[in-house]
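Raw input.txt, compact mmCIF, C-alpha atoms:
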```
# COMPACT_ATOMS: atom_id res chain seq x y z
CA MET U 241 15.40 -33.40 -8.50
CA THR U 242 18.75 -31.62 -8.51
CA THR U 243 22.35 -32.66 -8.18
CA ASP U 244 25.57 -30.83 -7.68
CA SER U 245 27.82 -30.60 -10.72
CA THR U 246 30.55 -32.59 -9.01
CA ALA U 247 29.05 -34.47 -6.10
CA THR U 248 25.72 -35.44 -4.61
CA VAL U 249 26.54 -34.50 -1.04
CA PHE U 250 28.33 -31.30 -0.14
CA GLY U 251 31.09 -31.20 2.43
CA THR U 252 30.79 -29.07 5.56
CA GLU U 253 33.56 -26.74 4.40
CA GLN U 254 31.90 -26.23 1.02
CA ILE U 255 28.56 -25.45 2.66
CA GLY U 256 30.27 -22.92 4.93
CA ARG U 257 31.86 -21.19 1.93
CA ALA U 258 28.53 -21.21 0.13
CA ARG U 259 26.84 -19.55 3.09
CA TYR U 260 29.26 -16.62 3.08
CA ALA U 261 29.10 -16.42 -0.70
CA VAL U 262 25.33 -16.13 -0.81
CA ALA U 263 25.50 -13.56 2.02
CA ALA U 264 27.83 -11.51 -0.18
CA VAL U 265 25.36 -11.86 -3.04
CA PHE U 266 22.56 -10.49 -0.83
CA THR U 267 24.79 -7.56 0.14
CA VAL U 268 25.53 -6.73 -3.49
CA HIS U 269 21.84 -6.98 -4.38
CA GLY U 270 20.93 -4.57 -1.59
CA ALA U 271 23.69 -2.14 -2.56
CA VAL U 272 22.14 -1.70 -6.01
CA THR U 273 18.82 -0.70 -4.44
CA GLY U 274 20.52 1.74 -2.07
CA SER U 275 22.57 3.26 -4.88
CA PHE U 276 19.47 3.86 -6.98
CA ALA U 277 17.25 5.25 -4.22
CA THR U 278 19.57 8.12 -3.30
CA ARG U 279 19.71 9.45 -6.87
CA VAL U 280 16.00 9.44 -7.65
CA PRO U 281 15.82 13.28 -7.40
CA TRP U 282 18.64 13.60 -9.97
CA ILE U 283 16.93 11.07 -12.25
CA GLN U 284 13.65 12.98 -11.92
CA ASP U 285 15.31 16.24 -12.97
CA HIS U 286 17.21 14.61 -15.83
CA ALA U 287 14.06 13.01 -17.22
CA SER U 288 12.06 16.24 -16.67
CA VAL U 289 9.13 14.51 -14.97
CA GLY U 290 6.83 15.84 -12.29
CA ALA U 291 5.92 14.19 -9.02
CA GLY U 292 2.90 12.42 -10.48
CA GLN U 293 4.85 11.12 -13.46
CA LEU U 294 7.67 9.98 -11.19
CA GLY U 295 5.15 8.08 -9.08
CA LEU U 296 3.92 6.34 -12.24
CA ALA U 297 7.47 5.48 -13.31
CA LEU U 298 8.35 4.10 -9.88
CA ALA U 299 5.56 1.55 -10.23
CA PHE U 300 7.39 -0.11 -13.13
CA PRO U 301 10.13 -1.85 -11.11
CA ALA U 302 7.48 -3.80 -9.20
CA ILE U 303 5.56 -4.53 -12.42
CA GLY U 304 8.71 -5.80 -14.12
CA ALA U 305 9.68 -7.89 -11.10
CA SER U 306 6.23 -9.45 -10.75
CA LEU U 307 6.13 -10.46 -14.42
CA ALA U 308 9.70 -11.76 -14.61
CA MET U 309 10.11 -13.61 -11.31
CA PRO U 310 8.38 -16.81 -12.51
CA LEU U 311 11.10 -17.09 -15.18
CA ALA U 312 13.88 -17.45 -12.60
CA SER U 313 13.22 -21.13 -11.91
CA ARG U 314 13.31 -21.89 -15.64
CA VAL U 315 16.65 -20.09 -16.02
CA SER U 316 18.06 -22.06 -13.06
CA HIS U 317 16.73 -25.31 -14.57
CA ARG U 318 18.39 -24.55 -17.90
CA PHE U 319 21.79 -23.30 -16.74
CA GLY U 320 22.20 -24.57 -13.16
CA SER U 321 21.90 -22.49 -10.02
CA ARG U 322 25.41 -21.01 -10.04
CA SER U 323 25.48 -19.90 -13.68
CA ALA U 324 21.89 -18.66 -13.45
CA LEU U 325 22.63 -16.55 -10.38
CA ARG U 326 25.84 -15.25 -11.94
CA GLY U 327 24.02 -14.07 -15.06
CA LEU U 328 20.93 -12.72 -13.32
CA LEU U 329 22.91 -10.85 -10.67
CA ALA U 330 25.15 -9.28 -13.34
CA LEU U 331 22.04 -8.26 -15.27
CA TRP U 332 20.70 -6.60 -12.10
CA THR U 333 23.90 -4.75 -11.21
CA LEU U 334 24.34 -3.47 -14.77
CA ALA U 335 20.67 -2.45 -14.96
CA LEU U 336 21.51 0.19 -12.35
CA ILE U 337 22.93 2.28 -15.21
CA LEU U 338 19.69 2.46 -17.19
CA PRO U 339 17.40 4.81 -15.20
CA SER U 340 19.94 7.63 -15.06
CA LEU U 341 20.26 7.53 -18.86
CA ALA U 342 16.51 8.03 -19.47
CA PRO U 343 15.76 11.47 -21.03
CA ASN U 344 11.96 11.34 -20.68
CA LEU U 345 9.05 9.56 -19.00
CA LEU U 346 8.65 6.82 -21.61
CA THR U 347 12.29 5.75 -21.55
CA LEU U 348 12.37 6.04 -17.76
CA CYS U 349 9.41 3.66 -17.45
CA ALA U 350 11.10 1.21 -19.84
CA ALA U 351 14.41 1.43 -17.95
CA LEU U 352 12.71 0.87 -14.61
CA PHE U 353 10.78 -2.09 -16.01
CA VAL U 354 14.06 -3.78 -17.00
CA TYR U 355 15.61 -2.72 -13.69
CA GLY U 356 12.74 -4.34 -11.78
CA ALA U 357 12.63 -7.49 -13.90
CA SER U 358 16.32 -8.17 -13.35
CA ALA U 359 15.93 -7.38 -9.64
CA GLY U 360 13.08 -9.85 -9.26
CA MET U 361 14.72 -12.74 -11.10
CA SER U 362 18.00 -12.41 -9.23
CA ASP U 363 16.04 -12.07 -5.98
CA VAL U 364 14.31 -15.42 -6.54
CA ALA U 365 17.56 -17.15 -7.55
CA MET U 366 19.51 -15.97 -4.52
CA ASN U 367 16.69 -16.74 -2.07
CA ALA U 368 16.35 -20.26 -3.51
CA LEU U 369 20.06 -20.84 -2.98
CA GLY U 370 19.82 -19.37 0.52
CA VAL U 371 17.10 -21.89 1.38
CA GLU U 372 19.24 -24.73 -0.01
CA VAL U 373 22.18 -23.71 2.20
CA GLU U 374 19.88 -23.36 5.20
CA ASN U 375 18.53 -26.88 4.60
CA ARG U 376 22.03 -28.36 4.61
CA LEU U 377 23.20 -26.45 7.67
CA ASP U 378 19.96 -27.38 9.49
CA ARG U 379 19.83 -23.99 11.17
CA SER U 380 18.29 -20.65 10.29
CA ILE U 381 20.31 -18.30 8.08
CA MET U 382 17.62 -16.57 6.00
CA SER U 383 17.06 -13.75 8.47
CA GLY U 384 20.78 -13.00 8.51
CA LEU U 385 20.93 -13.10 4.71
CA HIS U 386 18.18 -10.52 4.48
CA GLY U 387 20.00 -8.55 7.15
CA MET U 388 23.02 -8.48 4.85
CA TRP U 389 20.74 -7.19 2.08
CA SER U 390 19.79 -4.34 4.41
CA VAL U 391 23.47 -3.70 5.15
CA GLY U 392 24.13 -3.54 1.42
CA ALA U 393 21.26 -1.11 0.94
CA LEU U 394 22.65 1.11 3.70
CA LEU U 395 26.15 1.01 2.18
CA GLY U 396 24.81 1.79 -1.27
CA SER U 397 22.70 4.65 0.02
CA ALA U 398 25.63 6.03 2.02
CA ALA U 399 27.82 6.10 -1.10
CA GLY U 400 24.96 7.61 -3.06
CA THR U 401 24.45 10.30 -0.43
CA VAL U 402 28.12 11.25 -0.70
CA ALA U 403 27.89 11.33 -4.51
CA ALA U 404 24.77 13.50 -4.37
CA HIS U 405 26.38 15.84 -1.83
CA LEU U 406 29.37 16.28 -4.15
CA GLY U 407 27.04 17.00 -7.08
CA ALA U 408 28.26 14.00 -9.08
CA ASP U 409 26.47 13.16 -12.30
CA ALA U 410 24.29 10.09 -11.56
CA ARG U 411 25.23 8.57 -14.91
CA LEU U 412 28.89 8.47 -13.88
CA HIS U 413 28.07 7.46 -10.30
CA HIS U 414 25.83 4.57 -11.35
CA ALA U 415 28.19 3.42 -14.09
CA ALA U 416 31.07 3.22 -11.59
CA ALA U 417 28.87 1.57 -8.95
CA ALA U 418 27.53 -0.94 -11.47
CA LEU U 419 31.02 -1.99 -12.55
CA VAL U 420 32.24 -2.41 -8.97
CA LEU U 421 29.13 -4.30 -7.85
CA THR U 422 29.18 -6.53 -10.95
CA ALA U 423 32.77 -7.53 -10.21
CA LEU U 424 31.96 -8.21 -6.55
CA GLY U 425 28.84 -10.15 -7.48
CA LEU U 426 30.64 -12.34 -10.01
CA ALA U 427 33.36 -13.09 -7.46
CA ALA U 428 30.79 -14.05 -4.82
CA CYS U 429 28.90 -16.31 -7.23
CA GLN U 430 32.00 -18.47 -7.69
CA ARG U 431 31.43 -20.01 -4.23
CA VAL U 432 27.65 -20.56 -4.22
CA LEU U 433 26.19 -24.07 -4.57
CA ASP U 434 25.98 -25.40 -8.11
CA LEU U 435 22.69 -27.29 -8.30
CA ARG U 436 21.60 -28.82 -11.60
CA SER U 437 18.43 -30.48 -12.79
CA GLU U 438 18.25 -34.18 -13.52
CA PRO U 439 18.46 -34.92 -17.28
CA ASP U 440 14.91 -36.28 -17.38
CA GLU U 441 13.35 -33.50 -15.27
CA GLU U 442 10.68 -31.46 -17.00
CA PRO U 443 11.49 -27.73 -17.18
CA PRO U 444 9.18 -25.49 -15.17
CA PRO U 445 6.60 -23.50 -17.16
CA ARG U 446 7.54 -20.01 -18.27
CA PHE U 447 4.57 -18.47 -16.51
CA THR U 448 2.38 -20.13 -13.92
CA LEU U 449 0.18 -19.19 -11.00
CA PRO U 450 1.83 -19.53 -7.59
CA PRO U 451 1.04 -22.78 -5.72
CA LYS U 452 -1.54 -22.59 -2.94
CA SER U 453 1.18 -22.93 -0.31
CA ALA U 454 2.85 -19.77 -1.67
CA LEU U 455 -0.43 -17.87 -1.55
CA VAL U 456 -1.07 -18.47 2.15
CA ILE U 457 2.57 -17.91 3.09
CA GLY U 458 2.65 -14.84 0.86
CA ALA U 459 -0.36 -13.40 2.70
CA VAL U 460 1.73 -13.26 5.88
CA GLY U 461 4.57 -11.65 3.93
CA PHE U 462 2.09 -9.17 2.48
CA CYS U 463 1.14 -7.95 5.97
CA ALA U 464 4.78 -7.51 6.98
CA VAL U 465 5.87 -5.74 3.80
CA PHE U 466 2.84 -3.44 3.90
CA ALA U 467 3.76 -2.35 7.43
CA GLU U 468 7.41 -1.99 6.40
CA GLY U 469 6.67 0.03 3.27
CA ALA U 470 4.18 2.27 5.06
CA SER U 471 6.65 2.98 7.85
CA LEU U 472 9.62 3.64 5.59
CA ASP U 473 7.73 5.95 3.24
CA TRP U 474 5.40 7.70 5.65
CA SER U 475 7.04 7.78 9.08
CA ALA U 476 8.81 11.07 8.37
CA VAL U 477 5.59 12.64 7.06
CA TYR U 478 3.66 11.34 10.07
CA LEU U 479 6.11 12.77 12.59
CA LYS U 480 6.23 16.13 10.82
CA ASP U 481 2.57 16.64 9.91
CA VAL U 482 0.74 14.85 12.71
CA LEU U 483 3.04 15.46 15.68
CA GLY U 484 4.83 18.62 14.57
CA GLY U 485 8.34 17.17 14.61
CA SER U 486 11.24 18.99 12.98
CA ALA U 487 12.27 18.09 9.43
CA GLY U 488 15.60 16.72 10.69
CA VAL U 489 14.04 14.43 13.28
CA ALA U 490 11.42 13.30 10.80
CA ALA U 491 14.05 12.41 8.19
CA ALA U 492 16.13 10.56 10.78
CA SER U 493 13.18 8.31 11.58
CA THR U 494 13.50 6.58 8.20
CA THR U 495 17.18 5.79 8.73
CA ALA U 496 16.47 4.63 12.28
CA PHE U 497 13.73 2.33 11.05
CA ALA U 498 16.02 0.81 8.39
CA LEU U 499 18.82 0.31 10.93
CA THR U 500 16.43 -1.37 13.38
CA MET U 501 15.35 -3.82 10.69
CA ALA U 502 18.92 -4.58 9.63
CA VAL U 503 20.07 -5.29 13.20
CA ALA U 504 16.99 -7.40 13.95
CA ARG U 505 17.48 -9.48 10.83
CA ILE U 506 21.15 -10.13 11.48
CA ALA U 507 20.37 -11.21 15.05
CA GLY U 508 17.16 -13.01 14.09
CA ASP U 509 18.60 -16.39 13.14
CA LYS U 510 19.57 -17.23 16.71
CA VAL U 511 16.04 -16.40 17.86
CA VAL U 512 14.51 -18.54 15.11
CA ASP U 513 16.77 -21.49 15.94
CA ARG U 514 15.83 -21.22 19.60
CA PHE U 515 12.08 -20.68 19.31
CA GLY U 516 11.11 -21.66 15.77
CA ALA U 517 9.61 -19.66 12.92
CA VAL U 518 6.00 -19.69 14.13
CA LEU U 519 6.64 -18.40 17.66
CA THR U 520 9.18 -15.86 16.40
CA VAL U 521 6.70 -14.38 13.91
CA ARG U 522 3.85 -14.50 16.43
CA VAL U 523 5.87 -12.55 19.00
CA GLY U 524 7.06 -10.22 16.25
CA GLY U 525 3.44 -9.62 15.32
CA VAL U 526 2.66 -8.70 18.92
CA LEU U 527 5.57 -6.23 18.98
CA ALA U 528 4.54 -4.74 15.63
CA THR U 529 0.92 -4.41 16.79
CA LEU U 530 2.03 -2.66 19.97
CA GLY U 531 4.26 -0.43 17.86
CA GLY U 532 1.37 0.48 15.58
CA LEU U 533 -0.84 1.29 18.55
CA LEU U 534 1.91 3.42 20.05
CA VAL U 535 2.27 5.35 16.78
CA VAL U 536 -1.48 5.99 16.59
CA LEU U 537 -1.87 6.93 20.27
CA ALA U 538 1.45 8.75 20.84
CA PRO U 539 1.05 12.37 21.96
CA ASN U 540 4.63 13.30 21.06
CA VAL U 541 7.52 12.51 18.72
CA PRO U 542 9.69 10.36 21.07
CA LEU U 543 6.86 7.90 21.77
CA ALA U 544 5.97 7.71 18.08
CA LEU U 545 9.63 7.00 17.26
CA CYS U 546 9.53 4.13 19.75
CA GLY U 547 6.40 2.89 18.01
CA PHE U 548 8.07 2.90 14.61
CA GLY U 549 11.05 1.10 16.15
CA LEU U 550 8.77 -1.64 17.49
CA LEU U 551 7.13 -1.92 14.08
CA GLY U 552 10.52 -2.42 12.43
CA LEU U 553 11.60 -4.92 15.06
CA GLY U 554 8.36 -6.86 14.77
CA VAL U 555 8.27 -7.27 10.99
CA ALA U 556 12.02 -7.60 10.36
CA VAL U 557 12.30 -11.40 10.15
CA VAL U 558 8.91 -12.19 8.60
CA VAL U 559 9.85 -12.00 4.92
CA PRO U 560 13.04 -14.10 5.30
CA LEU U 561 11.02 -16.74 7.15
CA ALA U 562 8.30 -16.60 4.50
CA PHE U 563 10.90 -17.36 1.82
CA ALA U 564 12.32 -20.18 3.93
CA ALA U 565 8.86 -21.69 4.49
CA ALA U 566 8.02 -21.40 0.78
CA GLY U 567 11.24 -23.17 -0.14
CA ARG U 568 10.22 -26.16 1.98
CA ALA U 569 6.50 -26.21 1.32
CA GLY U 570 6.41 -27.94 -2.07
CA ASP U 571 8.23 -29.87 -4.75
CA ASN U 572 9.39 -26.74 -6.61
CA PRO U 573 11.06 -24.30 -4.20
CA SER U 574 11.93 -21.73 -6.88
CA ARG U 575 8.32 -21.58 -8.04
CA ALA U 576 7.02 -21.21 -4.48
CA ILE U 577 9.64 -18.57 -3.66
CA ALA U 578 8.73 -16.70 -6.86
CA GLY U 579 5.08 -16.76 -5.77
CA VAL U 580 5.85 -15.37 -2.33
CA ALA U 581 8.21 -12.78 -3.83
CA THR U 582 5.52 -11.64 -6.26
CA ILE U 583 3.03 -11.15 -3.44
CA THR U 584 5.50 -9.25 -1.27
CA TYR U 585 6.63 -7.06 -4.18
CA THR U 586 2.96 -6.27 -4.83
CA SER U 587 2.52 -5.32 -1.18
CA GLY U 588 5.52 -3.02 -1.39
CA LEU U 589 4.00 -1.45 -4.50
CA VAL U 590 0.52 -0.79 -3.11
CA ALA U 591 1.42 0.14 0.49
CA PRO U 592 2.70 3.71 -0.05
CA SER U 593 -0.14 4.70 -2.40
CA ALA U 594 -2.77 2.96 -0.24
CA ILE U 595 -1.58 4.81 2.86
CA GLY U 596 -1.62 8.09 0.94
CA SER U 597 -5.07 7.54 -0.52
CA LEU U 598 -6.54 6.55 2.84
CA ALA U 599 -4.85 9.51 4.52
CA GLU U 600 -6.31 11.88 1.94
CA ALA U 601 -9.79 10.46 2.46
CA THR U 602 -9.51 10.32 6.26
CA SER U 603 -6.20 10.96 8.07
CA LEU U 604 -2.75 9.49 8.63
CA LEU U 605 -3.98 8.28 12.02
CA VAL U 606 -6.51 6.07 10.26
CA SER U 607 -3.87 4.91 7.76
CA PHE U 608 -1.60 3.70 10.55
CA GLY U 609 -4.63 2.13 12.19
CA LEU U 610 -4.77 -0.06 9.07
CA VAL U 611 -1.06 -0.82 9.47
CA THR U 612 -1.74 -1.90 13.05
CA VAL U 613 -4.53 -4.23 11.94
CA LEU U 614 -2.25 -5.85 9.34
CA ALA U 615 0.49 -6.19 11.96
CA PHE U 616 -1.96 -8.13 14.12
CA GLY U 617 -2.51 -10.36 11.08
CA LEU U 618 1.02 -11.68 11.70
CA VAL U 619 -0.13 -13.00 15.09
CA LEU U 620 -3.08 -14.78 13.51
CA GLY U 621 -1.28 -16.09 10.43
CA ALA U 622 2.08 -17.16 11.86
CA GLY U 623 1.08 -20.82 11.82
CA VAL U 624 1.38 -21.04 8.02
CA LEU U 625 5.15 -20.66 8.41
CA ARG U 626 5.40 -23.99 10.21
CA ALA U 627 7.32 -25.39 7.24
CA GLY U 628 10.17 -23.14 8.39
CA ASP U 629 10.32 -24.63 11.88
CA ARG U 630 12.99 -27.09 12.90
CA THR U 631 14.29 -28.86 15.99
CA VAL U 632 14.32 -26.53 18.98
CA ALA U 633 17.54 -26.12 20.89
CA GLY U 634 17.28 -27.90 24.18
CA GLY U 635 15.12 -30.84 23.33
CA GLY U 636 11.65 -30.05 21.94
CA THR U 637 10.96 -30.73 18.30
CA ARG U 638 9.04 -29.13 15.52
CA THR U 639 8.69 -30.06 11.90
CA ALA U 640 12.20 -30.78 10.67
CA PRO U 641 13.23 -29.38 7.31
CA GLU U 642 12.91 -31.68 4.34
CA LYS U 643 16.07 -33.20 3.02
CA SER U 644 17.61 -31.09 0.35
CA ARG U 645 16.46 -31.94 -3.13
CA ALA U 646 20.06 -32.26 -4.18
CA GLU U 647 20.46 -35.19 -1.81
CA SER U 648 17.29 -37.03 -2.87
```

Rendering of file as structure tokens:
Amino acid sequence: MTTDSTATVFGTEQIGRARYAVAAVFTVHGAVTGSFATRVPWIQDHASVGAGQLGLALAFPAIGASLAMPLASRVSHRFGSRSALRGLLALWTLALILPSLAPNLLTLCAALFVYGASAGMSDVAMNALGVEVENRLDRSIMSGLHGMWSVGALLGSAAGTVAAHLGADARLHHAAAALVLTALGLAACQRVLDLRSEPDEEPPPRFTLPPKSALVIGAVGFCAVFAEGASLDWSAVYLKDVLGGSAGVAAASTTAFALTMAVARIAGDKVVDRFGAVLTVRVGGVLATLGGLLVVLAPNVPLALCGFGLLGLGVAVVVPLAFAAAGRAGDNPSRAIAGVATITYTSGLVAPSAIGSLAEATSLLVSFGLVTVLAFGLVLGAGVLRAGDRTVAGGGTRTAPEKSRAES
């Protein structure tokens, strides 16, 4: 059970402010990721690591996130949702500084472990608060929140691209970015909901296995993130090596894919409110499956680009809806969200290497055949997201969201 620090029921105006505040938090979180991604080549040179060693180091953010995410609910229980998010988000924004300081492989792995752990804990905290706001508004906002994360990632990567083009030292770039994003994040956290545990409520365990509900919901998220990660990391290679596209067109495919996902997520809430989570994901799975088939069967670059666009459009809203469903599926939303986040982070970790390994053993065509099969898994598994459905505009009804725990 949770209560607000000042009142049991939040006013409409306060909920509206909280919605925009948590959207700003998502944007800041995404901007850190975008800022880091653009300077990976500089970090690689500074740490004097080869491609294989860099690949090993880049596994540590996901490892750190997976291990630390279960701790987020305990931090929120101890300090309240607002203070917990404030501290965890500041830890994440400041952790941006660490990788660029690493002089060798060992320190780079350690820095990326901390970077990932802080990313994962703040990710769980902000998604839990997003679900709380969505519950009170009684309409979908999670897709839009994740869309704002994508916007933040694009803004961060744009600034990073400019810094890299100017030859700026990544240590100075990331220090400046970290300070700016920390200030913005702290300001945004002032307006988020402040949920606190009841005095007699038992604290959640430090480490625990995800609940069964999170496992089945996470399986759907796994399929979506695998397709997303494969497309983001391998679309350029596919267009260049399989279809003979130019390096410029191939590189542009990654940006186009990211933009497609961002736009789809921002617009996705209206679709979810109209048709419900299950139908939205099922139709998205159909689009993603058609996109995968188009990629595999395309005889030229333009058709393959359309296929990657359909893949991005089809999987865009799945992860936000998986978080929303997890937050309503049990008695401990933070624990369920942490479970789903762990599974999706794992998918993002294994997808690029799995595609590469399968391509080496067979071909990239076969690899994207696997992506297509997983995309079809969204069609089959969409029903597990029923906890995210709500009243349909125009009369029909689906499972209404549970009352917020703060109002119990």

Residues of stretch 477-526 of chain U at most 10 Å from stretch 534-555 of chain U: nearest atom pair and distance in Å, only C-alpha atoms, as a tab-separated table:
```
residue	atom	partner	partner_atom	distance
U:Tyr478	CA	U:Ala544	CA	9.1
U:Leu479	CA	U:Val541	CA	6.3
U:Lys480	CA	U:Val541	CA	8.8
U:Val482	CA	U:Asn540	CA	9.3
U:Leu483	CA	U:Asn540	CA	6.0
U:Gly484	CA	U:Val541	CA	7.9
U:Gly485	CA	U:Val541	CA	6.3
U:Ser486	CA	U:Val541	CA	9.4
U:Val489	CA	U:Val541	CA	8.7
U:Ala490	CA	U:Val541	CA	8.9
U:Ala492	CA	U:Leu545	CA	9.8
U:Ser493	CA	U:Leu545	CA	6.8
U:Thr494	CA	U:Phe548	CA	9.2
U:Ala496	CA	U:Gly549	CA	7.5
U:Phe497	CA	U:Gly549	CA	5.9
U:Ala498	CA	U:Gly552	CA	7.6
U:Leu499	CA	U:Gly552	CA	8.9
U:Thr500	CA	U:Gly552	CA	6.1
U:Met501	CA	U:Gly552	CA	5.3
U:Ala502	CA	U:Gly552	CA	9.1
U:Val503	CA	U:Leu553	CA	8.7
U:Ala504	CA	U:Leu553	CA	6.0
U:Arg505	CA	U:Leu553	CA	8.6
U:Gly508	CA	U:Leu553	CA	9.9
U:Thr520	CA	U:Gly554	CA	9.2
U:Val521	CA	U:Gly554	CA	7.7
U:Arg522	CA	U:Gly554	CA	9.0
U:Val523	CA	U:Gly554	CA	7.5
U:Gly524	CA	U:Gly554	CA	3.9
U:Gly525	CA	U:Gly554	CA	5.7
U:Val526	CA	U:Gly554	CA	7.3
```

Set the distance at 7 Å and use only C-alpha atoms: which residues neighbour stretch 419-423 of chain U once local chain neighbours fewer than 4 positions away are removed? I'd like the list as a short mmCIF file (atom, residue, chain, number, x, y, z; two decimals) with C-alpha atoms, keeping the file's coordinate frame.
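selection_25.cif written:
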```cif
data_model
loop_
_atom_site.label_atom_id
_atom_site.label_comp_id
_atom_site.auth_asym_id
_atom_site.auth_seq_id
_atom_site.Cartn_x
_atom_site.Cartn_y
_atom_site.Cartn_z
CA VAL U 268 25.53 -6.73 -3.49
CA ALA U 330 25.15 -9.28 -13.34
CA THR U 333 23.90 -4.75 -11.21
CA LEU U 334 24.34 -3.47 -14.77
CA ALA U 415 28.19 3.42 -14.09
CA ALA U 427 33.36 -13.09 -7.46
#
```

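Nearest residue to U:Asn375, choosing from U:Asp481, U:Ala622, U:Gly320, U:Ala565 and counting all atoms listed in the file: U:Ala565.
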
Residues of stretch 255-351 of chain U that approach stretch 380-385 of chain U to 10 Å or less, counting all atoms listed in the file: could you list each one with the shortest pair of atoms and its distance in Å to one decimal, rows by chain and increasing residue number, as CSV?
```
residue,atom,partner,partner_atom,distance
U:Arg259,CA,U:Ile381,CA,8.3
U:Tyr260,CA,U:Leu385,CA,9.2
U:Val262,CA,U:Leu385,CA,7.7
U:Ala263,CA,U:Leu385,CA,5.3
U:Ala264,CA,U:Leu385,CA,8.6
U:Val265,CA,U:Leu385,CA,9.0
U:Phe266,CA,U:Leu385,CA,6.3
U:Thr267,CA,U:Leu385,CA,8.2
```

- Dump as number ranges by chain all residues having an atom at most 7 Å from (2.7, -2.6, 1.3), computed in the file's coordinates with all atoms listed in the file. U: 462, 465-470, 587-592

- Nearest candidate to U:Phe276 (options U:Trp474, U:Phe300, U:Tyr355, U:Phe319; using only C-alpha atoms): U:Tyr355

- Looking at U:Ala562, U:Leu455, U:Ala594, U:Gly623, which one is nearest to U:Leu610, with distances taken over only C-alpha atoms? U:Ala594

- Note on the structure: Here atom CA of U:Val402 and atom CA of U:His269 stand apart by 19.6 Å

- Query: What does the distance between atom CA of U:Ala297 and atom CA of U:Leu346 come to in Å, to one decimal place?
  - Reply: 8.5 Å

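Taking only C-alpha atoms into account, U:Ala287 lies nearest to U:Leu348 out of the set U:Ala459, U:Leu605, U:Leu348, U:Leu406.
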
- Compile the contact shell of U:Ile303 as a PyMOL selection string: residues with an atom at most 8 Å away, counting all atoms listed in the file, same-chain residues fewer than 6 positions apart removed. chain U and resi 353+356-357

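Note that the spacing between atom CA of U:Leu394 and atom CA of U:Gly274 amounts to 6.2 Å.
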